[in-house]
Amino acid sequence: MDLPFFILILLLLGIGLIMLFSASYVQAINDTKLTKGDGAFFFKRQGGFALMGVLAMLAASRFDYRKFHYFALPLLALSIVLLIAVLIPGVGVTRNEATRWLNLGVEFQPSEVAKFAEILCFASMITLFGPKKMRTFRYGILPFIAIIGVLAGLLAPEPHLSAIVIIGATGMIMIFLGGANLAWLIGMGVCGVGGVVGLIFLLPHAMARVKVWLDPFSDFRGNGWQGAQSLMSVGSGGVWGLGLGQGRQKHLFLPEPENDFIFAVICEELGMVGAVLIMLVFAALILRGYQIALRAPDRFGTLLAAGITTQLAVQTIFNMCVVTGLVPVTGAALPFFSYGGTSLLMLLGEAGIVLGVSRRIPAPEQG
C-alpha cells in the first residue's frame with residue numbers, strides 16, 4: 001500500500017488525539033453527568049475508536065475495491081432509510097435544537113453513512129455510464145441531481161447545513177471528474193448555490209447565523225457567542241501560541257472545544273505556526289490522495305479515491321472556514337481531530353479504501 005498516505009493518516013490521527021485531550025479535559029471534568037468528572041473521558045473514548053478505525057482501515061486496504069460496485073445502491077438506499085428514521089418523532093436523538101443522531105445500541109449520525117454512500121454510488125454510476133453518456137444531460141446530470149436533492153431534502157429538516165454543503169460540493173466535483181458537460185455542470189452549480197441561499201432564507205436558524213456571522217460581537221451573549229469566542233481563541237494564539245494545554249477559551253467559554261471548534265484551540269495553543277503546519281499535513285494528505293486516484297488502474301478506482309479525497313478536503317476546508325469566521329457558524333467536524341466515533345470510523349475506513357486502490361497500482365517497470 002501507499003506508505004506516505006498511510007503515515008500521513010497516522011500522523012494526523014496522533015496529533016488529533018493529543019489536541020483532543022488538551023481541548024476536552026476541562027469540559028470533561030465539568031460534565032459530571034456524562035463523564036462523571038473523568039478529565040480523560042473524551043480522549044479515552046476517541047482512542048478506542050481510533051484503534052478500531054486503524055484496524056478497519058488496514059482491513060479495508062486488503063479488500064478488493066472493485067467489489068464495492070455491488071454495495072453502491074444498497075448502501076445509498078440504507079442511508080436514505082436511516083435519514084428518514086432520524087426525522088420520525090421519538091426515534092431521532094435531538095441535541096442543541098438539531099436532530100441528527102440515531103441510537104441503535106450505538107449512537108451515530110446517518111449523515112456520515114450518506115456521505116460515503118454518495119461517493120460510492122457516483123463512482124459506480126459514472127463508471128457504468130462511460131464517457132459518452134456522461135456528456136448528456138439525461139445520464140451526466142439528471143440522476144446525480146436527483147440523488148443530491150433527495151439527500152439534501154432529508155438533511156434540511158434535521159437541520160444539517162454543513163452536511164448538505166459537503167455532499168453537494170463532493171458530488172459536483174465527482175461529476176466534473178466523471179466528464180459531465182461543463183455547461184450543464186455550471187448550471188447545476190448555480191442551482192446548488194441558489195438552493196443553499198434559499199435554505200438560508202427559509203430556515204430561521206440559518207438566517208440568524210448569517211446575520212450574526214457578519215458581526216458576531218453584535219449579539220455577543222446570544223447567537224454570536226460561538227463565533228465571537230472562536231475568533232477570540234484564534235486571535236489569542238498569535239504567532240507562536242500560548243503553549244499546549246495553556247488555552248484559556250476552552251475553560252467553559254468556547255462551545256464544543258472537543259468537536260466543531262477544536263481548530264480554534266489549536267490556533268490558540270499552537271499559534272499560527274502550529275496551525276499552518278497542521279494545514280500543510282492535511283494538504284500533503286489530500287495531494288497524495290489525488291495522486292493515488294490519478295494512478296489507479298481503472299476508472300472506478302480513480303473516482304472512488306478522488307471522491308473520498310474530495311470529501312476529506314471539503315470537510316477540512318469548511319471546518320477551518322467556520323472557525324476563522326470565513327463562513328457562518330454551523331456544525332462541521334475537523335477530520336481526525338474532532339470528537340466523534342462514527343465520523344472517525346468512517347474516515348479511517350474510507351482511507352483504507354484509498355489504500356486498497358493504491359495496492360493495485362502497477363509497480364513501475366525496472367529499467
# chains A, B, ... in the order shown; residues from 1 in each chain; ligands from 1
call {"tool": "residues_around", "arguments": {"residues": "Gly92 (chain A)", "least_positions_apart": "5", "cutoff": "12 Å", "atoms": "only C-alpha atoms", "output": "PyMOL selection string"}}
result
chain A and resi 82-87+97-104+107-110+157-158
call {"tool": "write_last_selection", "arguments": {"atoms": "N, CA, C and O atoms", "output": "short mmCIF file (atom, residue, chain, number, x, y, z; two decimals), in the first residue's frame"}}
result
data_model
loop_
_atom_site.label_atom_id
_atom_site.label_comp_id
_atom_site.auth_asym_id
_atom_site.auth_seq_id
_atom_site.Cartn_x
_atom_site.Cartn_y
_atom_site.Cartn_z
N LEU A 82 -32.13 5.48 6.86
CA LEU A 82 -31.63 5.98 8.15
C LEU A 82 -31.92 7.46 8.32
O LEU A 82 -32.28 7.92 9.41
N LEU A 83 -31.77 8.24 7.24
CA LEU A 83 -32.06 9.67 7.31
C LEU A 83 -33.55 9.92 7.55
O LEU A 83 -33.93 10.87 8.25
N ILE A 84 -34.39 9.08 6.96
CA ILE A 84 -35.83 9.19 7.21
C ILE A 84 -36.14 8.85 8.66
O ILE A 84 -36.95 9.52 9.33
N ALA A 85 -35.48 7.82 9.17
CA ALA A 85 -35.72 7.39 10.55
C ALA A 85 -35.38 8.49 11.55
O ALA A 85 -36.05 8.64 12.58
N VAL A 86 -34.33 9.27 11.25
CA VAL A 86 -33.94 10.37 12.13
C VAL A 86 -35.09 11.36 12.32
O VAL A 86 -35.26 11.94 13.40
N LEU A 87 -35.88 11.57 11.27
CA LEU A 87 -36.93 12.58 11.29
C LEU A 87 -38.22 12.10 11.95
O LEU A 87 -39.13 12.89 12.17
N GLU A 97 -31.03 21.69 19.63
CA GLU A 97 -32.07 22.02 18.66
C GLU A 97 -31.83 21.39 17.28
O GLU A 97 -32.41 21.81 16.29
N ALA A 98 -30.97 20.37 17.22
CA ALA A 98 -30.72 19.65 15.96
C ALA A 98 -30.96 18.16 16.19
O ALA A 98 -30.50 17.59 17.17
N THR A 99 -31.70 17.54 15.27
CA THR A 99 -31.99 16.10 15.35
C THR A 99 -31.20 15.40 14.25
O THR A 99 -31.65 15.30 13.11
N ARG A 100 -30.01 14.92 14.60
CA ARG A 100 -29.09 14.36 13.61
C ARG A 100 -28.62 12.95 13.95
O ARG A 100 -27.87 12.36 13.18
N TRP A 101 -29.03 12.40 15.08
CA TRP A 101 -28.48 11.15 15.56
C TRP A 101 -29.53 10.06 15.67
O TRP A 101 -30.72 10.33 15.87
N LEU A 102 -29.08 8.83 15.54
CA LEU A 102 -29.89 7.65 15.82
C LEU A 102 -29.21 6.85 16.91
O LEU A 102 -27.97 6.79 16.95
N ASN A 103 -29.99 6.23 17.74
CA ASN A 103 -29.44 5.37 18.78
C ASN A 103 -29.95 3.95 18.57
O ASN A 103 -31.08 3.62 18.90
N LEU A 104 -29.11 3.14 17.96
CA LEU A 104 -29.45 1.73 17.72
C LEU A 104 -28.51 0.85 18.53
O LEU A 104 -27.84 -0.04 18.02
N GLU A 107 -24.88 5.17 19.33
CA GLU A 107 -25.36 6.43 18.77
C GLU A 107 -24.47 6.86 17.61
O GLU A 107 -23.25 6.83 17.72
N PHE A 108 -25.07 7.24 16.49
CA PHE A 108 -24.31 7.64 15.31
C PHE A 108 -25.11 8.61 14.46
O PHE A 108 -26.33 8.76 14.64
N GLN A 109 -24.41 9.28 13.53
CA GLN A 109 -25.06 10.21 12.60
C GLN A 109 -25.21 9.54 11.24
O GLN A 109 -24.20 9.23 10.59
N PRO A 110 -26.43 9.31 10.76
CA PRO A 110 -26.63 8.72 9.44
C PRO A 110 -26.03 9.57 8.31
O PRO A 110 -25.76 9.04 7.23
N PRO A 157 -34.36 19.24 7.17
CA PRO A 157 -35.20 19.35 8.37
C PRO A 157 -34.47 19.01 9.67
O PRO A 157 -34.99 19.28 10.75
N GLU A 158 -33.28 18.41 9.62
CA GLU A 158 -32.62 17.98 10.86
C GLU A 158 -32.31 19.13 11.81
O GLU A 158 -32.48 18.91 13.03
#
call {"tool": "closest_atom_pairs", "arguments": {"of": "region 281-333 of chain A", "to": "region 169-187 of chain A", "cutoff": "8 Å", "atoms": "only C-alpha atoms", "output": "Markdown table"}}
result
| residue | atom | partner | partner_atom | distance |
| --- | --- | --- | --- | --- |
| A:Leu303 | CA | A:Met174 | CA | 7.0 |
| A:Ala306 | CA | A:Met174 | CA | 7.6 |
| A:Gly307 | CA | A:Met174 | CA | 6.1 |
| A:Thr310 | CA | A:Thr170 | CA | 6.0 |
| A:Gln311 | CA | A:Thr170 | CA | 5.6 |
| A:Val314 | CA | A:Thr170 | CA | 7.2 |
call {"tool": "write_last_selection", "arguments": {"atoms": "N, CA and C atoms", "output": "compact mmCIF listing (two decimals), in the first residue's frame"}}
result
# COMPACT_ATOMS: atom_id res chain seq x y z
N LEU A 303 -12.19 7.25 -9.51
CA LEU A 303 -13.32 8.03 -8.99
C LEU A 303 -13.53 7.79 -7.50
N ALA A 306 -10.65 9.57 -5.67
CA ALA A 306 -10.82 11.03 -5.82
C ALA A 306 -12.02 11.52 -5.01
N GLY A 307 -13.10 10.76 -4.98
CA GLY A 307 -14.28 11.17 -4.23
C GLY A 307 -14.02 11.21 -2.73
N THR A 310 -11.77 14.12 -2.01
CA THR A 310 -12.51 15.37 -2.14
C THR A 310 -13.37 15.63 -0.91
N GLN A 311 -14.04 14.60 -0.41
CA GLN A 311 -14.86 14.77 0.80
C GLN A 311 -13.98 15.22 1.97
N VAL A 314 -13.00 18.94 1.32
CA VAL A 314 -14.12 19.88 1.51
C VAL A 314 -14.45 20.03 2.99
call {"tool": "select_by_dssp", "arguments": {"residues": "region 33-279 of chain A", "states": "helix (DSSP H, G or I)", "output": "JSON, numbers by chain"}}
result
{"A": [41, 42, 43, 44, 45, 46, 47, 48, 49, 50, 51, 52, 53, 54, 55, 56, 57, 58, 59, 60, 61, 62, 65, 66, 67, 68, 69, 70, 71, 72, 73, 74, 75, 76, 77, 78, 79, 80, 81, 82, 83, 84, 85, 86, 110, 111, 112, 113, 114, 115, 116, 117, 118, 119, 120, 121, 122, 123, 124, 125, 126, 127, 128, 129, 130, 131, 132, 133, 134, 137, 138, 139, 140, 142, 143, 144, 145, 146, 147, 148, 149, 150, 151, 152, 153, 154, 155, 161, 162, 163, 164, 165, 166, 167, 168, 169, 170, 171, 172, 173, 174, 175, 176, 177, 182, 183, 184, 185, 186, 187, 188, 189, 190, 191, 192, 193, 194, 195, 196, 197, 198, 199, 200, 201, 202, 204, 205, 206, 207, 208, 209, 210, 211, 212, 213, 214, 216, 217, 218, 219, 225, 226, 227, 228, 229, 230, 231, 232, 233, 234, 235, 236, 237, 262, 263, 264, 265, 266, 267, 268, 269, 270, 271, 272, 273, 274, 275, 276, 277, 278, 279]}
call {"tool": "residues_around", "arguments": {"residues": "region 251-265 of chain A", "least_positions_apart": "2", "cutoff": "9 Å", "atoms": "only C-alpha atoms", "output": "count of residues only"}}
result
44
call {"tool": "residues_around", "arguments": {"residues": "Ile286 (chain A)", "least_positions_apart": "2", "cutoff": "9 Å", "atoms": "only C-alpha atoms", "output": "NGL selection string"}}
result
:A and (5 or 281-284 or 288-291 or 309-310 or 312-313)
call {"tool": "write_last_selection", "arguments": {"atoms": "N, CA and C atoms", "output": "PDB file, in the first residue's frame"}}
result
ATOM      1  N   PHE A   5       0.779   7.981   2.238  1.00  0.00           N
ATOM      2  CA  PHE A   5      -0.616   8.239   2.604  1.00  0.00           C
ATOM      3  C   PHE A   5      -0.919   7.647   3.975  1.00  0.00           C
ATOM      4  N   VAL A 281       0.074  19.409   6.619  1.00  0.00           N
ATOM      5  CA  VAL A 281      -0.052  17.948   6.671  1.00  0.00           C
ATOM      6  C   VAL A 281      -1.347  17.521   5.985  1.00  0.00           C
ATOM      7  N   PHE A 282      -2.434  18.252   6.255  1.00  0.00           N
ATOM      8  CA  PHE A 282      -3.696  17.976   5.558  1.00  0.00           C
ATOM      9  C   PHE A 282      -3.519  18.130   4.046  1.00  0.00           C
ATOM     10  N   ALA A 283      -2.839  19.201   3.632  1.00  0.00           N
ATOM     11  CA  ALA A 283      -2.629  19.447   2.201  1.00  0.00           C
ATOM     12  C   ALA A 283      -1.829  18.316   1.567  1.00  0.00           C
ATOM     13  N   ALA A 284      -0.795  17.838   2.281  1.00  0.00           N
ATOM     14  CA  ALA A 284       0.019  16.730   1.765  1.00  0.00           C
ATOM     15  C   ALA A 284      -0.817  15.467   1.620  1.00  0.00           C
ATOM     16  N   ARG A 288      -1.665  13.643  -1.903  1.00  0.00           N
ATOM     17  CA  ARG A 288      -1.291  12.230  -2.069  1.00  0.00           C
ATOM     18  C   ARG A 288      -2.510  11.400  -2.468  1.00  0.00           C
ATOM     19  N   GLY A 289      -3.662  11.735  -1.899  1.00  0.00           N
ATOM     20  CA  GLY A 289      -4.886  11.020  -2.270  1.00  0.00           C
ATOM     21  C   GLY A 289      -5.217  11.190  -3.736  1.00  0.00           C
ATOM     22  N   TYR A 290      -5.061  12.412  -4.252  1.00  0.00           N
ATOM     23  CA  TYR A 290      -5.334  12.652  -5.674  1.00  0.00           C
ATOM     24  C   TYR A 290      -4.281  11.972  -6.558  1.00  0.00           C
ATOM     25  N   GLN A 291      -3.039  11.892  -6.079  1.00  0.00           N
ATOM     26  CA  GLN A 291      -2.013  11.171  -6.841  1.00  0.00           C
ATOM     27  C   GLN A 291      -2.363   9.692  -6.971  1.00  0.00           C
ATOM     28  N   THR A 309     -11.080  11.526  -1.267  1.00  0.00           N
ATOM     29  CA  THR A 309     -10.136  12.620  -1.023  1.00  0.00           C
ATOM     30  C   THR A 309     -10.841  13.973  -1.089  1.00  0.00           C
ATOM     31  N   THR A 310     -11.765  14.117  -2.014  1.00  0.00           N
ATOM     32  CA  THR A 310     -12.513  15.370  -2.140  1.00  0.00           C
ATOM     33  C   THR A 310     -13.368  15.629  -0.911  1.00  0.00           C
ATOM     34  N   LEU A 312     -12.815  14.598   2.101  1.00  0.00           N
ATOM     35  CA  LEU A 312     -11.876  14.974   3.160  1.00  0.00           C
ATOM     36  C   LEU A 312     -11.448  16.433   3.017  1.00  0.00           C
ATOM     37  N   ALA A 313     -11.142  16.833   1.785  1.00  0.00           N
ATOM     38  CA  ALA A 313     -10.694  18.202   1.528  1.00  0.00           C
ATOM     39  C   ALA A 313     -11.796  19.211   1.821  1.00  0.00           C
TER      40      ALA A 313
END
call {"tool": "closest_residue", "arguments": {"among": "A:Gly274, A:Ser111, A:Asp64, A:Arg221", "to": "Leu244 (chain A)", "atoms": "only C-alpha atoms"}}
result
A:Gly274
call {"tool": "closest_residue", "arguments": {"among": "A:Val212, A:Met1, A:Ile18, A:Ile167", "to": "Ile292 (chain A)", "atoms": "only C-alpha atoms"}}
result
A:Met1
call {"tool": "closest_residue", "arguments": {"among": "A:Ser162, A:Thr32, A:Thr302, A:Asn96", "to": "Thr127 (chain A)", "atoms": "only C-alpha atoms"}}
result
A:Thr302
call {"tool": "select_by_dssp", "arguments": {"residues": "region 89-299 of chain A", "states": "strand (DSSP E or B)", "output": "number ranges by chain"}}
result
A: 92-95, 98-103, 107-108
call {"tool": "write_last_selection", "arguments": {"atoms": "N, CA, C and O atoms", "output": "PDB file, in the first residue's frame"}}
result
ATOM      1  N   GLY A  92     -35.324   9.824  16.332  1.00  0.00           N
ATOM      2  CA  GLY A  92     -34.099  10.596  16.253  1.00  0.00           C
ATOM      3  C   GLY A  92     -33.733  11.224  17.589  1.00  0.00           C
ATOM      4  O   GLY A  92     -34.595  11.529  18.412  1.00  0.00           O
ATOM      5  N   VAL A  93     -32.427  11.403  17.797  1.00  0.00           N
ATOM      6  CA  VAL A  93     -31.907  11.997  19.038  1.00  0.00           C
ATOM      7  C   VAL A  93     -31.623  13.469  18.780  1.00  0.00           C
ATOM      8  O   VAL A  93     -30.935  13.811  17.811  1.00  0.00           O
ATOM      9  N   THR A  94     -32.146  14.339  19.642  1.00  0.00           N
ATOM     10  CA  THR A  94     -32.010  15.784  19.472  1.00  0.00           C
ATOM     11  C   THR A  94     -31.005  16.351  20.462  1.00  0.00           C
ATOM     12  O   THR A  94     -31.043  16.030  21.653  1.00  0.00           O
ATOM     13  N   ARG A  95     -30.126  17.208  19.934  1.00  0.00           N
ATOM     14  CA  ARG A  95     -29.179  17.942  20.778  1.00  0.00           C
ATOM     15  C   ARG A  95     -29.027  19.344  20.218  1.00  0.00           C
ATOM     16  O   ARG A  95     -28.879  19.509  19.001  1.00  0.00           O
ATOM     17  N   ALA A  98     -30.974  20.371  17.222  1.00  0.00           N
ATOM     18  CA  ALA A  98     -30.721  19.651  15.964  1.00  0.00           C
ATOM     19  C   ALA A  98     -30.961  18.164  16.188  1.00  0.00           C
ATOM     20  O   ALA A  98     -30.497  17.591  17.175  1.00  0.00           O
ATOM     21  N   THR A  99     -31.703  17.539  15.268  1.00  0.00           N
ATOM     22  CA  THR A  99     -31.989  16.103  15.352  1.00  0.00           C
ATOM     23  C   THR A  99     -31.204  15.400  14.254  1.00  0.00           C
ATOM     24  O   THR A  99     -31.650  15.305  13.109  1.00  0.00           O
ATOM     25  N   ARG A 100     -30.007  14.915  14.604  1.00  0.00           N
ATOM     26  CA  ARG A 100     -29.088  14.360  13.615  1.00  0.00           C
ATOM     27  C   ARG A 100     -28.619  12.947  13.951  1.00  0.00           C
ATOM     28  O   ARG A 100     -27.865  12.356  13.179  1.00  0.00           O
ATOM     29  N   TRP A 101     -29.033  12.399  15.084  1.00  0.00           N
ATOM     30  CA  TRP A 101     -28.476  11.149  15.562  1.00  0.00           C
ATOM     31  C   TRP A 101     -29.533  10.062  15.666  1.00  0.00           C
ATOM     32  O   TRP A 101     -30.721  10.330  15.865  1.00  0.00           O
ATOM     33  N   LEU A 102     -29.080   8.833  15.535  1.00  0.00           N
ATOM     34  CA  LEU A 102     -29.893   7.653  15.816  1.00  0.00           C
ATOM     35  C   LEU A 102     -29.207   6.850  16.908  1.00  0.00           C
ATOM     36  O   LEU A 102     -27.966   6.791  16.950  1.00  0.00           O
ATOM     37  N   ASN A 103     -29.993   6.232  17.743  1.00  0.00           N
ATOM     38  CA  ASN A 103     -29.438   5.370  18.782  1.00  0.00           C
ATOM     39  C   ASN A 103     -29.951   3.954  18.565  1.00  0.00           C
ATOM     40  O   ASN A 103     -31.081   3.625  18.902  1.00  0.00           O
ATOM     41  N   GLU A 107     -24.881   5.169  19.332  1.00  0.00           N
ATOM     42  CA  GLU A 107     -25.360   6.429  18.768  1.00  0.00           C
ATOM     43  C   GLU A 107     -24.471   6.857  17.606  1.00  0.00           C
ATOM     44  O   GLU A 107     -23.248   6.834  17.720  1.00  0.00           O
ATOM     45  N   PHE A 108     -25.072   7.243  16.487  1.00  0.00           N
ATOM     46  CA  PHE A 108     -24.307   7.644  15.310  1.00  0.00           C
ATOM     47  C   PHE A 108     -25.113   8.606  14.458  1.00  0.00           C
ATOM     48  O   PHE A 108     -26.331   8.756  14.637  1.00  0.00           O
TER      49      PHE A 108
END
call {"tool": "closest_residue", "arguments": {"among": "A:Pro74, A:Gly245, A:Pro89, A:Gly341", "to": "Leu51 (chain A)", "atoms": "only C-alpha atoms"}}
result
A:Gly341
call {"tool": "atom_distance", "arguments": {"atom1": "CA of Gly224 (chain A)", "atom2": "CA of Gly238 (chain A)"}}
result
22.2 Å
